[in-house]
$ cat input_36.cif   # mmCIF, N, CA and C atoms
data_target
loop_
_atom_site.label_atom_id
_atom_site.label_comp_id
_atom_site.auth_asym_id
_atom_site.auth_seq_id
_atom_site.Cartn_x
_atom_site.Cartn_y
_atom_site.Cartn_z
N MET Q 790 -21.24 -20.86 5.93
CA MET Q 790 -20.40 -20.08 5.04
C MET Q 790 -19.02 -20.76 4.98
N ASN Q 791 -18.50 -20.99 3.75
CA ASN Q 791 -17.19 -21.62 3.63
C ASN Q 791 -16.07 -20.58 3.79
N GLN Q 792 -14.82 -21.05 3.81
CA GLN Q 792 -13.68 -20.15 4.04
C GLN Q 792 -13.56 -19.07 2.98
N ARG Q 793 -13.78 -19.43 1.72
CA ARG Q 793 -13.66 -18.43 0.65
C ARG Q 793 -14.72 -17.34 0.80
N GLU Q 794 -15.95 -17.75 1.11
CA GLU Q 794 -17.02 -16.76 1.31
C GLU Q 794 -16.72 -15.86 2.50
N THR Q 795 -16.20 -16.45 3.57
CA THR Q 795 -15.83 -15.66 4.75
C THR Q 795 -14.72 -14.69 4.39
N GLY Q 796 -13.71 -15.17 3.65
CA GLY Q 796 -12.61 -14.30 3.23
C GLY Q 796 -13.08 -13.13 2.39
N THR Q 797 -13.96 -13.41 1.45
CA THR Q 797 -14.51 -12.35 0.59
C THR Q 797 -15.28 -11.32 1.42
N LYS Q 798 -16.08 -11.80 2.35
CA LYS Q 798 -16.86 -10.91 3.22
C LYS Q 798 -15.93 -10.01 4.05
N LYS Q 799 -14.87 -10.59 4.60
CA LYS Q 799 -13.94 -9.82 5.43
C LYS Q 799 -13.13 -8.84 4.58
N GLU Q 800 -12.79 -9.21 3.36
CA GLU Q 800 -12.10 -8.29 2.46
C GLU Q 800 -12.99 -7.10 2.10
N GLN Q 801 -14.27 -7.35 1.90
CA GLN Q 801 -15.21 -6.26 1.62
C GLN Q 801 -15.35 -5.35 2.84
N LEU Q 802 -15.39 -5.95 4.03
CA LEU Q 802 -15.44 -5.18 5.28
C LEU Q 802 -14.20 -4.31 5.41
N ALA Q 803 -13.04 -4.87 5.12
CA ALA Q 803 -11.78 -4.12 5.20
C ALA Q 803 -11.76 -2.98 4.19
N ALA Q 804 -12.23 -3.23 2.97
CA ALA Q 804 -12.27 -2.18 1.94
C ALA Q 804 -13.17 -1.02 2.39
N ALA Q 805 -14.32 -1.33 2.94
CA ALA Q 805 -15.23 -0.28 3.43
C ALA Q 805 -14.57 0.50 4.57
N TYR Q 806 -13.91 -0.20 5.46
CA TYR Q 806 -13.20 0.42 6.59
C TYR Q 806 -12.13 1.39 6.07
N LEU Q 807 -11.36 0.94 5.08
CA LEU Q 807 -10.30 1.79 4.53
C LEU Q 807 -10.88 3.00 3.79
N LYS Q 808 -11.94 2.79 3.03
CA LYS Q 808 -12.59 3.91 2.32
C LYS Q 808 -13.03 4.99 3.29
N GLN Q 809 -13.61 4.58 4.42
CA GLN Q 809 -14.06 5.53 5.44
C GLN Q 809 -12.90 6.33 6.01
N ARG Q 810 -11.70 5.81 5.88
CA ARG Q 810 -10.52 6.46 6.44
C ARG Q 810 -9.65 7.11 5.36
N GLY Q 811 -10.24 7.31 4.18
CA GLY Q 811 -9.58 8.10 3.15
C GLY Q 811 -8.77 7.35 2.11
N VAL Q 812 -8.86 6.03 2.09
CA VAL Q 812 -8.14 5.27 1.06
C VAL Q 812 -9.01 5.20 -0.19
N ARG Q 813 -8.41 5.53 -1.33
CA ARG Q 813 -9.10 5.39 -2.61
C ARG Q 813 -8.75 4.01 -3.13
N ILE Q 814 -9.74 3.15 -3.20
CA ILE Q 814 -9.53 1.77 -3.64
C ILE Q 814 -9.39 1.74 -5.17
N LEU Q 815 -8.29 1.17 -5.64
CA LEU Q 815 -8.06 1.02 -7.08
C LEU Q 815 -8.46 -0.36 -7.57
N LYS Q 816 -8.18 -1.37 -6.76
CA LYS Q 816 -8.42 -2.75 -7.19
C LYS Q 816 -8.56 -3.64 -5.96
N GLN Q 817 -9.46 -4.60 -6.07
CA GLN Q 817 -9.58 -5.63 -5.05
C GLN Q 817 -9.28 -6.97 -5.72
N ASN Q 818 -8.61 -7.83 -4.97
CA ASN Q 818 -8.27 -9.18 -5.44
C ASN Q 818 -7.49 -9.16 -6.75
N PHE Q 819 -6.41 -8.40 -6.77
CA PHE Q 819 -5.54 -8.39 -7.94
C PHE Q 819 -4.78 -9.71 -7.96
N ARG Q 820 -4.86 -10.40 -9.10
CA ARG Q 820 -4.18 -11.70 -9.24
C ARG Q 820 -3.17 -11.65 -10.37
N GLY Q 821 -2.04 -12.26 -10.09
CA GLY Q 821 -1.01 -12.44 -11.10
C GLY Q 821 -0.39 -13.80 -10.88
N ARG Q 822 0.52 -14.18 -11.75
CA ARG Q 822 1.22 -15.46 -11.59
C ARG Q 822 1.92 -15.55 -10.23
N GLN Q 823 2.37 -14.41 -9.75
CA GLN Q 823 3.14 -14.35 -8.52
C GLN Q 823 2.29 -14.55 -7.27
N GLY Q 824 1.00 -14.23 -7.36
CA GLY Q 824 0.13 -14.33 -6.19
C GLY Q 824 -1.05 -13.38 -6.29
N GLU Q 825 -1.56 -13.02 -5.14
CA GLU Q 825 -2.75 -12.15 -5.06
C GLU Q 825 -2.53 -11.06 -4.03
N ILE Q 826 -3.07 -9.89 -4.33
CA ILE Q 826 -3.10 -8.80 -3.36
C ILE Q 826 -4.56 -8.49 -3.11
N ASP Q 827 -4.92 -8.45 -1.83
CA ASP Q 827 -6.33 -8.27 -1.47
C ASP Q 827 -6.87 -6.91 -1.89
N ILE Q 828 -6.13 -5.84 -1.58
CA ILE Q 828 -6.60 -4.48 -1.88
C ILE Q 828 -5.41 -3.64 -2.34
N VAL Q 829 -5.63 -2.89 -3.41
CA VAL Q 829 -4.65 -1.90 -3.87
C VAL Q 829 -5.35 -0.55 -3.80
N GLY Q 830 -4.69 0.43 -3.20
CA GLY Q 830 -5.32 1.74 -3.08
C GLY Q 830 -4.29 2.85 -3.04
N ILE Q 831 -4.81 4.05 -2.91
CA ILE Q 831 -3.99 5.26 -2.76
C ILE Q 831 -4.36 5.88 -1.43
N HIS Q 832 -3.33 6.21 -0.63
CA HIS Q 832 -3.56 6.86 0.67
C HIS Q 832 -2.40 7.79 0.97
N GLN Q 833 -2.70 9.05 1.16
CA GLN Q 833 -1.72 10.06 1.54
C GLN Q 833 -0.49 10.04 0.63
N GLY Q 834 -0.74 9.92 -0.67
CA GLY Q 834 0.34 9.97 -1.65
C GLY Q 834 1.07 8.66 -1.87
N TYR Q 835 0.68 7.61 -1.20
CA TYR Q 835 1.30 6.29 -1.35
C TYR Q 835 0.41 5.36 -2.16
N LEU Q 836 1.04 4.52 -2.96
CA LEU Q 836 0.37 3.38 -3.56
C LEU Q 836 0.43 2.30 -2.48
N VAL Q 837 -0.73 1.87 -2.01
CA VAL Q 837 -0.80 0.98 -0.85
C VAL Q 837 -1.29 -0.40 -1.28
N PHE Q 838 -0.52 -1.40 -0.87
CA PHE Q 838 -0.89 -2.80 -1.08
C PHE Q 838 -1.29 -3.36 0.28
N VAL Q 839 -2.52 -3.86 0.36
CA VAL Q 839 -3.09 -4.26 1.65
C VAL Q 839 -3.37 -5.75 1.67
N GLU Q 840 -2.87 -6.39 2.70
CA GLU Q 840 -3.18 -7.79 2.97
C GLU Q 840 -4.24 -7.81 4.07
N VAL Q 841 -5.31 -8.54 3.85
CA VAL Q 841 -6.38 -8.66 4.86
C VAL Q 841 -6.27 -10.05 5.47
N LYS Q 842 -6.19 -10.07 6.80
CA LYS Q 842 -6.13 -11.35 7.51
C LYS Q 842 -7.22 -11.38 8.56
N TYR Q 843 -7.94 -12.50 8.59
CA TYR Q 843 -9.04 -12.67 9.54
C TYR Q 843 -8.80 -13.90 10.39
N ARG Q 844 -9.05 -13.75 11.67
CA ARG Q 844 -9.06 -14.87 12.60
C ARG Q 844 -10.29 -14.70 13.49
N ARG Q 845 -11.05 -15.76 13.57
CA ARG Q 845 -12.26 -15.71 14.41
C ARG Q 845 -11.89 -15.61 15.89
N THR Q 846 -10.88 -16.39 16.28
CA THR Q 846 -10.41 -16.39 17.67
C THR Q 846 -8.88 -16.38 17.66
N HIS Q 847 -8.31 -16.34 18.85
CA HIS Q 847 -6.85 -16.37 18.99
C HIS Q 847 -6.30 -17.79 19.00
N SER Q 848 -7.13 -18.80 18.92
CA SER Q 848 -6.67 -20.19 19.05
C SER Q 848 -5.67 -20.58 17.97
N MET Q 849 -5.75 -19.99 16.80
CA MET Q 849 -4.81 -20.29 15.71
C MET Q 849 -3.74 -19.20 15.58
N GLY Q 850 -3.60 -18.38 16.60
CA GLY Q 850 -2.68 -17.26 16.54
C GLY Q 850 -3.40 -16.02 16.04
N GLY Q 851 -2.72 -14.90 16.14
CA GLY Q 851 -3.32 -13.64 15.73
C GLY Q 851 -3.31 -13.47 14.22
N ALA Q 852 -4.19 -12.61 13.76
CA ALA Q 852 -4.30 -12.34 12.32
C ALA Q 852 -3.00 -11.73 11.79
N LEU Q 853 -2.39 -10.85 12.55
CA LEU Q 853 -1.18 -10.17 12.10
C LEU Q 853 -0.02 -11.16 11.95
N GLU Q 854 0.10 -12.10 12.84
CA GLU Q 854 1.18 -13.09 12.77
C GLU Q 854 1.07 -13.99 11.55
N ALA Q 855 -0.08 -14.04 10.95
CA ALA Q 855 -0.29 -14.89 9.77
C ALA Q 855 0.38 -14.31 8.51
N VAL Q 856 0.84 -13.07 8.58
CA VAL Q 856 1.52 -12.46 7.44
C VAL Q 856 3.02 -12.74 7.62
N THR Q 857 3.41 -13.93 7.24
CA THR Q 857 4.78 -14.41 7.43
C THR Q 857 5.75 -13.76 6.45
N LEU Q 858 7.03 -13.98 6.66
CA LEU Q 858 8.05 -13.46 5.76
C LEU Q 858 7.81 -13.96 4.33
N LYS Q 859 7.50 -15.24 4.20
CA LYS Q 859 7.23 -15.81 2.86
C LYS Q 859 6.03 -15.12 2.21
N LYS Q 860 4.99 -14.87 2.98
CA LYS Q 860 3.80 -14.18 2.46
C LYS Q 860 4.16 -12.75 2.06
N GLN Q 861 4.97 -12.08 2.87
CA GLN Q 861 5.40 -10.72 2.55
C GLN Q 861 6.17 -10.69 1.23
N GLN Q 862 7.06 -11.66 1.02
CA GLN Q 862 7.82 -11.73 -0.23
C GLN Q 862 6.88 -11.92 -1.42
N LYS Q 863 5.89 -12.77 -1.25
CA LYS Q 863 4.92 -13.02 -2.33
C LYS Q 863 4.11 -11.76 -2.65
N ILE Q 864 3.69 -11.04 -1.61
CA ILE Q 864 2.95 -9.79 -1.79
C ILE Q 864 3.82 -8.79 -2.55
N CYS Q 865 5.09 -8.68 -2.16
CA CYS Q 865 5.99 -7.72 -2.81
C CYS Q 865 6.23 -8.07 -4.28
N ARG Q 866 6.42 -9.35 -4.58
CA ARG Q 866 6.58 -9.77 -5.99
C ARG Q 866 5.33 -9.41 -6.79
N THR Q 867 4.17 -9.67 -6.21
CA THR Q 867 2.91 -9.38 -6.90
C THR Q 867 2.73 -7.87 -7.04
N ALA Q 868 3.13 -7.11 -6.04
CA ALA Q 868 3.06 -5.65 -6.11
C ALA Q 868 3.96 -5.12 -7.22
N ASP Q 869 5.15 -5.70 -7.35
CA ASP Q 869 6.05 -5.29 -8.44
C ASP Q 869 5.40 -5.56 -9.79
N PHE Q 870 4.77 -6.71 -9.92
CA PHE Q 870 4.07 -7.05 -11.17
C PHE Q 870 2.92 -6.07 -11.42
N TYR Q 871 2.16 -5.74 -10.38
CA TYR Q 871 1.06 -4.78 -10.51
C TYR Q 871 1.59 -3.44 -11.03
N ARG Q 872 2.64 -2.94 -10.38
CA ARG Q 872 3.20 -1.64 -10.79
C ARG Q 872 3.66 -1.68 -12.24
N CYS Q 873 4.32 -2.76 -12.63
CA CYS Q 873 4.80 -2.91 -14.00
C CYS Q 873 3.63 -2.95 -14.99
N SER Q 874 2.60 -3.73 -14.65
CA SER Q 874 1.44 -3.87 -15.55
C SER Q 874 0.65 -2.58 -15.68
N GLN Q 875 0.78 -1.69 -14.69
CA GLN Q 875 0.05 -0.42 -14.72
C GLN Q 875 0.92 0.75 -15.17
N GLY Q 876 2.18 0.47 -15.50
CA GLY Q 876 3.09 1.52 -15.94
C GLY Q 876 3.50 2.46 -14.81
N ILE Q 877 3.53 1.96 -13.60
CA ILE Q 877 3.92 2.77 -12.44
C ILE Q 877 5.41 2.54 -12.20
N GLY Q 878 6.17 3.62 -12.20
CA GLY Q 878 7.63 3.53 -12.11
C GLY Q 878 8.15 3.03 -10.77
N ASP Q 879 9.43 2.71 -10.77
CA ASP Q 879 10.10 2.18 -9.58
C ASP Q 879 10.19 3.18 -8.44
N PHE Q 880 10.06 4.46 -8.74
CA PHE Q 880 10.26 5.47 -7.71
C PHE Q 880 8.95 5.97 -7.09
N ALA Q 881 7.85 5.35 -7.46
CA ALA Q 881 6.57 5.72 -6.85
C ALA Q 881 6.59 5.30 -5.38
N PRO Q 882 6.12 6.17 -4.49
CA PRO Q 882 6.10 5.78 -3.07
C PRO Q 882 5.10 4.65 -2.84
N VAL Q 883 5.57 3.59 -2.22
CA VAL Q 883 4.77 2.38 -2.00
C VAL Q 883 4.76 2.06 -0.52
N ARG Q 884 3.63 1.54 -0.07
CA ARG Q 884 3.49 1.12 1.33
C ARG Q 884 2.79 -0.22 1.38
N TYR Q 885 3.17 -1.05 2.33
CA TYR Q 885 2.54 -2.36 2.53
C TYR Q 885 1.83 -2.33 3.87
N ASP Q 886 0.51 -2.44 3.83
CA ASP Q 886 -0.31 -2.39 5.04
C ASP Q 886 -0.97 -3.74 5.28
N VAL Q 887 -1.41 -3.93 6.51
CA VAL Q 887 -2.19 -5.12 6.86
C VAL Q 887 -3.44 -4.65 7.59
N VAL Q 888 -4.58 -5.21 7.19
CA VAL Q 888 -5.80 -5.04 7.97
C VAL Q 888 -6.03 -6.38 8.65
N ALA Q 889 -5.88 -6.36 9.97
CA ALA Q 889 -6.04 -7.57 10.77
C ALA Q 889 -7.41 -7.54 11.43
N ILE Q 890 -8.21 -8.53 11.14
CA ILE Q 890 -9.56 -8.63 11.72
C ILE Q 890 -9.54 -9.83 12.65
N GLN Q 891 -9.72 -9.55 13.93
CA GLN Q 891 -9.71 -10.59 14.96
C GLN Q 891 -11.08 -10.54 15.62
N GLY Q 892 -11.92 -11.53 15.31
CA GLY Q 892 -13.30 -11.49 15.81
C GLY Q 892 -14.00 -10.29 15.19
N GLU Q 893 -14.42 -9.35 16.02
CA GLU Q 893 -15.09 -8.14 15.53
C GLU Q 893 -14.16 -6.92 15.50
N GLU Q 894 -12.94 -7.08 16.01
CA GLU Q 894 -11.98 -5.97 16.08
C GLU Q 894 -11.23 -5.85 14.76
N ILE Q 895 -11.12 -4.61 14.26
CA ILE Q 895 -10.37 -4.33 13.04
C ILE Q 895 -9.20 -3.44 13.39
N ARG Q 896 -8.00 -3.87 12.98
CA ARG Q 896 -6.79 -3.08 13.18
C ARG Q 896 -6.14 -2.84 11.82
N TRP Q 897 -5.82 -1.59 11.55
CA TRP Q 897 -5.14 -1.21 10.31
C TRP Q 897 -3.70 -0.87 10.66
N ILE Q 898 -2.78 -1.69 10.21
CA ILE Q 898 -1.38 -1.47 10.48
C ILE Q 898 -0.75 -0.90 9.22
N LYS Q 899 -0.47 0.39 9.26
CA LYS Q 899 0.15 1.06 8.12
C LYS Q 899 1.64 0.75 8.13
N ASN Q 900 2.19 0.59 6.92
CA ASN Q 900 3.61 0.32 6.78
C ASN Q 900 4.01 -0.89 7.63
N ALA Q 901 3.24 -1.96 7.51
CA ALA Q 901 3.40 -3.15 8.35
C ALA Q 901 4.71 -3.88 8.10
N PHE Q 902 5.23 -3.77 6.88
CA PHE Q 902 6.51 -4.40 6.57
C PHE Q 902 7.14 -3.68 5.39
N PRO Q 903 8.48 -3.77 5.28
CA PRO Q 903 9.17 -3.14 4.14
C PRO Q 903 9.07 -4.03 2.90
N HIS Q 904 9.53 -3.48 1.78
CA HIS Q 904 9.58 -4.29 0.56
C HIS Q 904 10.53 -5.45 0.81
N ARG Q 905 10.07 -6.65 0.53
CA ARG Q 905 10.87 -7.87 0.74
C ARG Q 905 11.16 -8.50 -0.61
N TYR Q 906 12.42 -8.71 -0.88
CA TYR Q 906 12.81 -9.42 -2.10
C TYR Q 906 12.77 -10.90 -1.83
N ALA Q 907 12.68 -11.69 -2.88
CA ALA Q 907 12.55 -13.15 -2.75
C ALA Q 907 13.70 -13.75 -1.95
N GLY Q 908 14.87 -13.13 -1.97
CA GLY Q 908 16.00 -13.65 -1.22
C GLY Q 908 15.96 -13.30 0.25
N GLY Q 909 14.91 -12.56 0.68
CA GLY Q 909 14.75 -12.21 2.09
C GLY Q 909 15.45 -10.95 2.50
N LYS Q 910 15.95 -10.18 1.53
CA LYS Q 910 16.66 -8.93 1.83
C LYS Q 910 15.73 -7.86 2.30
#
$ encode --input "input_36.cif" --output "structure tokens"
Amino acid sequence: MNQRETGTKKEQLAAAYLKQRGVRILKQNFRGRQGEIDIVGIHQGYLVFVEVKYRRTHSMGGALEAVTLKKQQKICRTADFYRCSQGIGDFAPVRYDVVAIQGEEIRWIKNAFPHRYAGGK
């Protein structure tokens, strides 16, 4: 299995995991010029943008550490584009979550990071 196939499989696993925990999935693999968001959903009144990270082992670092500041900024820019394209206003409650899959362990980190602007604010 190549990396893309593995990534797709883990994203599907994460989506199923989130559905079981009450997340209504709106979109998977949303792509825009700004980047990609793995999962967009609704959970407890929040529009949730989810980054899925998988690491087979700890040798390359943890899955959560792979969501760098630069990656967070890219996710936020893409989330802004998603909201705009869907007619969702600026005041809608938004949350950025990470589903970290390390081997067979799945961790869902709610509100993993705040909205990050391109300037790092």
$ closest_residue --input "input_36.cif" --among "Q:Ser874, Q:Val837, Q:Tyr906, Q:Glu894" --to "Leu802 in chain Q" --atoms "only C-alpha atoms"
Q:Glu894
$ resolve_selection --input "input_36.cif" --expression "the PyMOL selection byres ((chain Q and resi 838-841) around 6.5)" --output "VMD selection string"
chain Q and resid 800 826 to 830 836 to 837 842 to 843 883 to 890
$ write_last_selection --input "input_36.cif" --atoms "N, CA and C atoms" --output "JSON list (two decimals), keeping the file's coordinate frame"
[["chain", "number", "residue", "atom", "x", "y", "z"],
["Q", 800, "GLU", "N", -12.79, -9.21, 3.36],
["Q", 800, "GLU", "CA", -12.10, -8.29, 2.46],
["Q", 800, "GLU", "C", -12.99, -7.10, 2.10],
["Q", 826, "ILE", "N", -3.07, -9.89, -4.33],
["Q", 826, "ILE", "CA", -3.10, -8.80, -3.36],
["Q", 826, "ILE", "C", -4.56, -8.49, -3.11],
["Q", 827, "ASP", "N", -4.92, -8.45, -1.83],
["Q", 827, "ASP", "CA", -6.33, -8.27, -1.47],
["Q", 827, "ASP", "C", -6.87, -6.91, -1.89],
["Q", 828, "ILE", "N", -6.13, -5.84, -1.58],
["Q", 828, "ILE", "CA", -6.60, -4.48, -1.88],
["Q", 828, "ILE", "C", -5.41, -3.64, -2.34],
["Q", 829, "VAL", "N", -5.63, -2.89, -3.41],
["Q", 829, "VAL", "CA", -4.65, -1.90, -3.87],
["Q", 829, "VAL", "C", -5.35, -0.55, -3.80],
["Q", 830, "GLY", "N", -4.69, 0.43, -3.20],
["Q", 830, "GLY", "CA", -5.32, 1.74, -3.08],
["Q", 830, "GLY", "C", -4.29, 2.85, -3.04],
["Q", 836, "LEU", "N", 1.04, 4.52, -2.96],
["Q", 836, "LEU", "CA", 0.37, 3.38, -3.56],
["Q", 836, "LEU", "C", 0.43, 2.30, -2.48],
["Q", 837, "VAL", "N", -0.73, 1.87, -2.01],
["Q", 837, "VAL", "CA", -0.80, 0.98, -0.85],
["Q", 837, "VAL", "C", -1.29, -0.40, -1.28],
["Q", 842, "LYS", "N", -6.19, -10.07, 6.80],
["Q", 842, "LYS", "CA", -6.13, -11.35, 7.51],
["Q", 842, "LYS", "C", -7.22, -11.38, 8.56],
["Q", 843, "TYR", "N", -7.94, -12.50, 8.59],
["Q", 843, "TYR", "CA", -9.04, -12.67, 9.54],
["Q", 843, "TYR", "C", -8.80, -13.90, 10.39],
["Q", 883, "VAL", "N", 5.57, 3.59, -2.22],
["Q", 883, "VAL", "CA", 4.77, 2.38, -2.00],
["Q", 883, "VAL", "C", 4.76, 2.06, -0.52],
["Q", 884, "ARG", "N", 3.63, 1.54, -0.07],
["Q", 884, "ARG", "CA", 3.49, 1.12, 1.33],
["Q", 884, "ARG", "C", 2.79, -0.22, 1.38],
["Q", 885, "TYR", "N", 3.17, -1.05, 2.33],
["Q", 885, "TYR", "CA", 2.54, -2.36, 2.53],
["Q", 885, "TYR", "C", 1.83, -2.33, 3.87],
["Q", 886, "ASP", "N", 0.51, -2.44, 3.83],
["Q", 886, "ASP", "CA", -0.31, -2.39, 5.04],
["Q", 886, "ASP", "C", -0.97, -3.74, 5.28],
["Q", 887, "VAL", "N", -1.41, -3.93, 6.51],
["Q", 887, "VAL", "CA", -2.19, -5.12, 6.86],
["Q", 887, "VAL", "C", -3.44, -4.65, 7.59],
["Q", 888, "VAL", "N", -4.58, -5.21, 7.19],
["Q", 888, "VAL", "CA", -5.80, -5.04, 7.97],
["Q", 888, "VAL", "C", -6.03, -6.38, 8.65],
["Q", 889, "ALA", "N", -5.88, -6.36, 9.97],
["Q", 889, "ALA", "CA", -6.04, -7.57, 10.77],
["Q", 889, "ALA", "C", -7.41, -7.54, 11.43],
["Q", 890, "ILE", "N", -8.21, -8.53, 11.14],
["Q", 890, "ILE", "CA", -9.56, -8.63, 11.72],
["Q", 890, "ILE", "C", -9.54, -9.83, 12.65]]
$ atom_distance --input "input_36.cif" --atom1 "atom N of Leu807 in chain Q" --atom2 "atom C of Asp879 in chain Q"
25.5 Å
$ atom_distance --input "input_36.cif" --atom1 "CA of Lys860 in chain Q" --atom2 "CA of Gly824 in chain Q"
9.4 Å
$ closest_residue --input "input_36.cif" --among "Q:Leu858, Q:Cys865, Q:Tyr835, Q:Arg905" --to "Pro882 in chain Q" --atoms "only N, CA and C atoms"
Q:Tyr835
$ atom_distance --input "input_36.cif" --atom1 "atom N of Ala868 in chain Q" --atom2 "atom C of Ala805 in chain Q"
22.0 Å
$ resolve_selection --input "input_36.cif" --expression "the PyMOL selection byres ((chain Q and resi 866) around 8)" --output "PyMOL selection string"
chain Q and resi 822-825+860-865+867-872+904-907
$ write_last_selection --input "input_36.cif" --atoms "N, CA and C atoms" --output "CSV table (one decimal), in the frame of the given file"
chain,number,residue,atom,x,y,z
Q,822,ARG,N,0.5,-14.2,-11.8
Q,822,ARG,CA,1.2,-15.5,-11.6
Q,822,ARG,C,1.9,-15.6,-10.2
Q,823,GLN,N,2.4,-14.4,-9.8
Q,823,GLN,CA,3.1,-14.4,-8.5
Q,823,GLN,C,2.3,-14.6,-7.3
Q,824,GLY,N,1.0,-14.2,-7.4
Q,824,GLY,CA,0.1,-14.3,-6.2
Q,824,GLY,C,-1.0,-13.4,-6.3
Q,825,GLU,N,-1.6,-13.0,-5.1
Q,825,GLU,CA,-2.8,-12.2,-5.1
Q,825,GLU,C,-2.5,-11.1,-4.0
Q,860,LYS,N,5.0,-14.9,3.0
Q,860,LYS,CA,3.8,-14.2,2.5
Q,860,LYS,C,4.2,-12.8,2.1
Q,861,GLN,N,5.0,-12.1,2.9
Q,861,GLN,CA,5.4,-10.7,2.6
Q,861,GLN,C,6.2,-10.7,1.2
Q,862,GLN,N,7.1,-11.7,1.0
Q,862,GLN,CA,7.8,-11.7,-0.2
Q,862,GLN,C,6.9,-11.9,-1.4
Q,863,LYS,N,5.9,-12.8,-1.2
Q,863,LYS,CA,4.9,-13.0,-2.3
Q,863,LYS,C,4.1,-11.8,-2.6
Q,864,ILE,N,3.7,-11.0,-1.6
Q,864,ILE,CA,3.0,-9.8,-1.8
Q,864,ILE,C,3.8,-8.8,-2.6
Q,865,CYS,N,5.1,-8.7,-2.2
Q,865,CYS,CA,6.0,-7.7,-2.8
Q,865,CYS,C,6.2,-8.1,-4.3
Q,867,THR,N,4.2,-9.7,-6.2
Q,867,THR,CA,2.9,-9.4,-6.9
Q,867,THR,C,2.7,-7.9,-7.0
Q,868,ALA,N,3.1,-7.1,-6.0
Q,868,ALA,CA,3.1,-5.6,-6.1
Q,868,ALA,C,4.0,-5.1,-7.2
Q,869,ASP,N,5.2,-5.7,-7.4
Q,869,ASP,CA,6.0,-5.3,-8.4
Q,869,ASP,C,5.4,-5.6,-9.8
Q,870,PHE,N,4.8,-6.7,-9.9
Q,870,PHE,CA,4.1,-7.0,-11.2
Q,870,PHE,C,2.9,-6.1,-11.4
Q,871,TYR,N,2.2,-5.7,-10.4
Q,871,TYR,CA,1.1,-4.8,-10.5
Q,871,TYR,C,1.6,-3.4,-11.0
Q,872,ARG,N,2.6,-2.9,-10.4
Q,872,ARG,CA,3.2,-1.6,-10.8
Q,872,ARG,C,3.7,-1.7,-12.2
Q,904,HIS,N,9.5,-3.5,1.8
Q,904,HIS,CA,9.6,-4.3,0.6
Q,904,HIS,C,10.5,-5.4,0.8
Q,905,ARG,N,10.1,-6.6,0.5
Q,905,ARG,CA,10.9,-7.9,0.7
Q,905,ARG,C,11.2,-8.5,-0.6
Q,906,TYR,N,12.4,-8.7,-0.9
Q,906,TYR,CA,12.8,-9.4,-2.1
Q,906,TYR,C,12.8,-10.9,-1.8
Q,907,ALA,N,12.7,-11.7,-2.9
Q,907,ALA,CA,12.6,-13.2,-2.8
Q,907,ALA,C,13.7,-13.8,-2.0
$ select_by_dssp --input "input_36.cif" --residues "range 837-886 of chain Q" --states "strand (DSSP E)" --output "list of chain:residue names"
Q:Val837, Q:Phe838, Q:Val839, Q:Glu840, Q:Val841, Q:Lys842, Q:Tyr843, Q:Arg844, Q:Val883, Q:Arg884, Q:Tyr885, Q:Asp886
$ select_by_dssp --input "input_36.cif" --residues "chain Q" --states "alpha helix (DSSP H)" --output "number ranges by chain"
Q: 792-809, 858-874
$ closest_residue --input "input_36.cif" --among "Q:Lys859, Q:Leu815, Q:Ala804, Q:Gln891" --to "Arg844 in chain Q" --atoms "all atoms listed in the file"
Q:Gln891
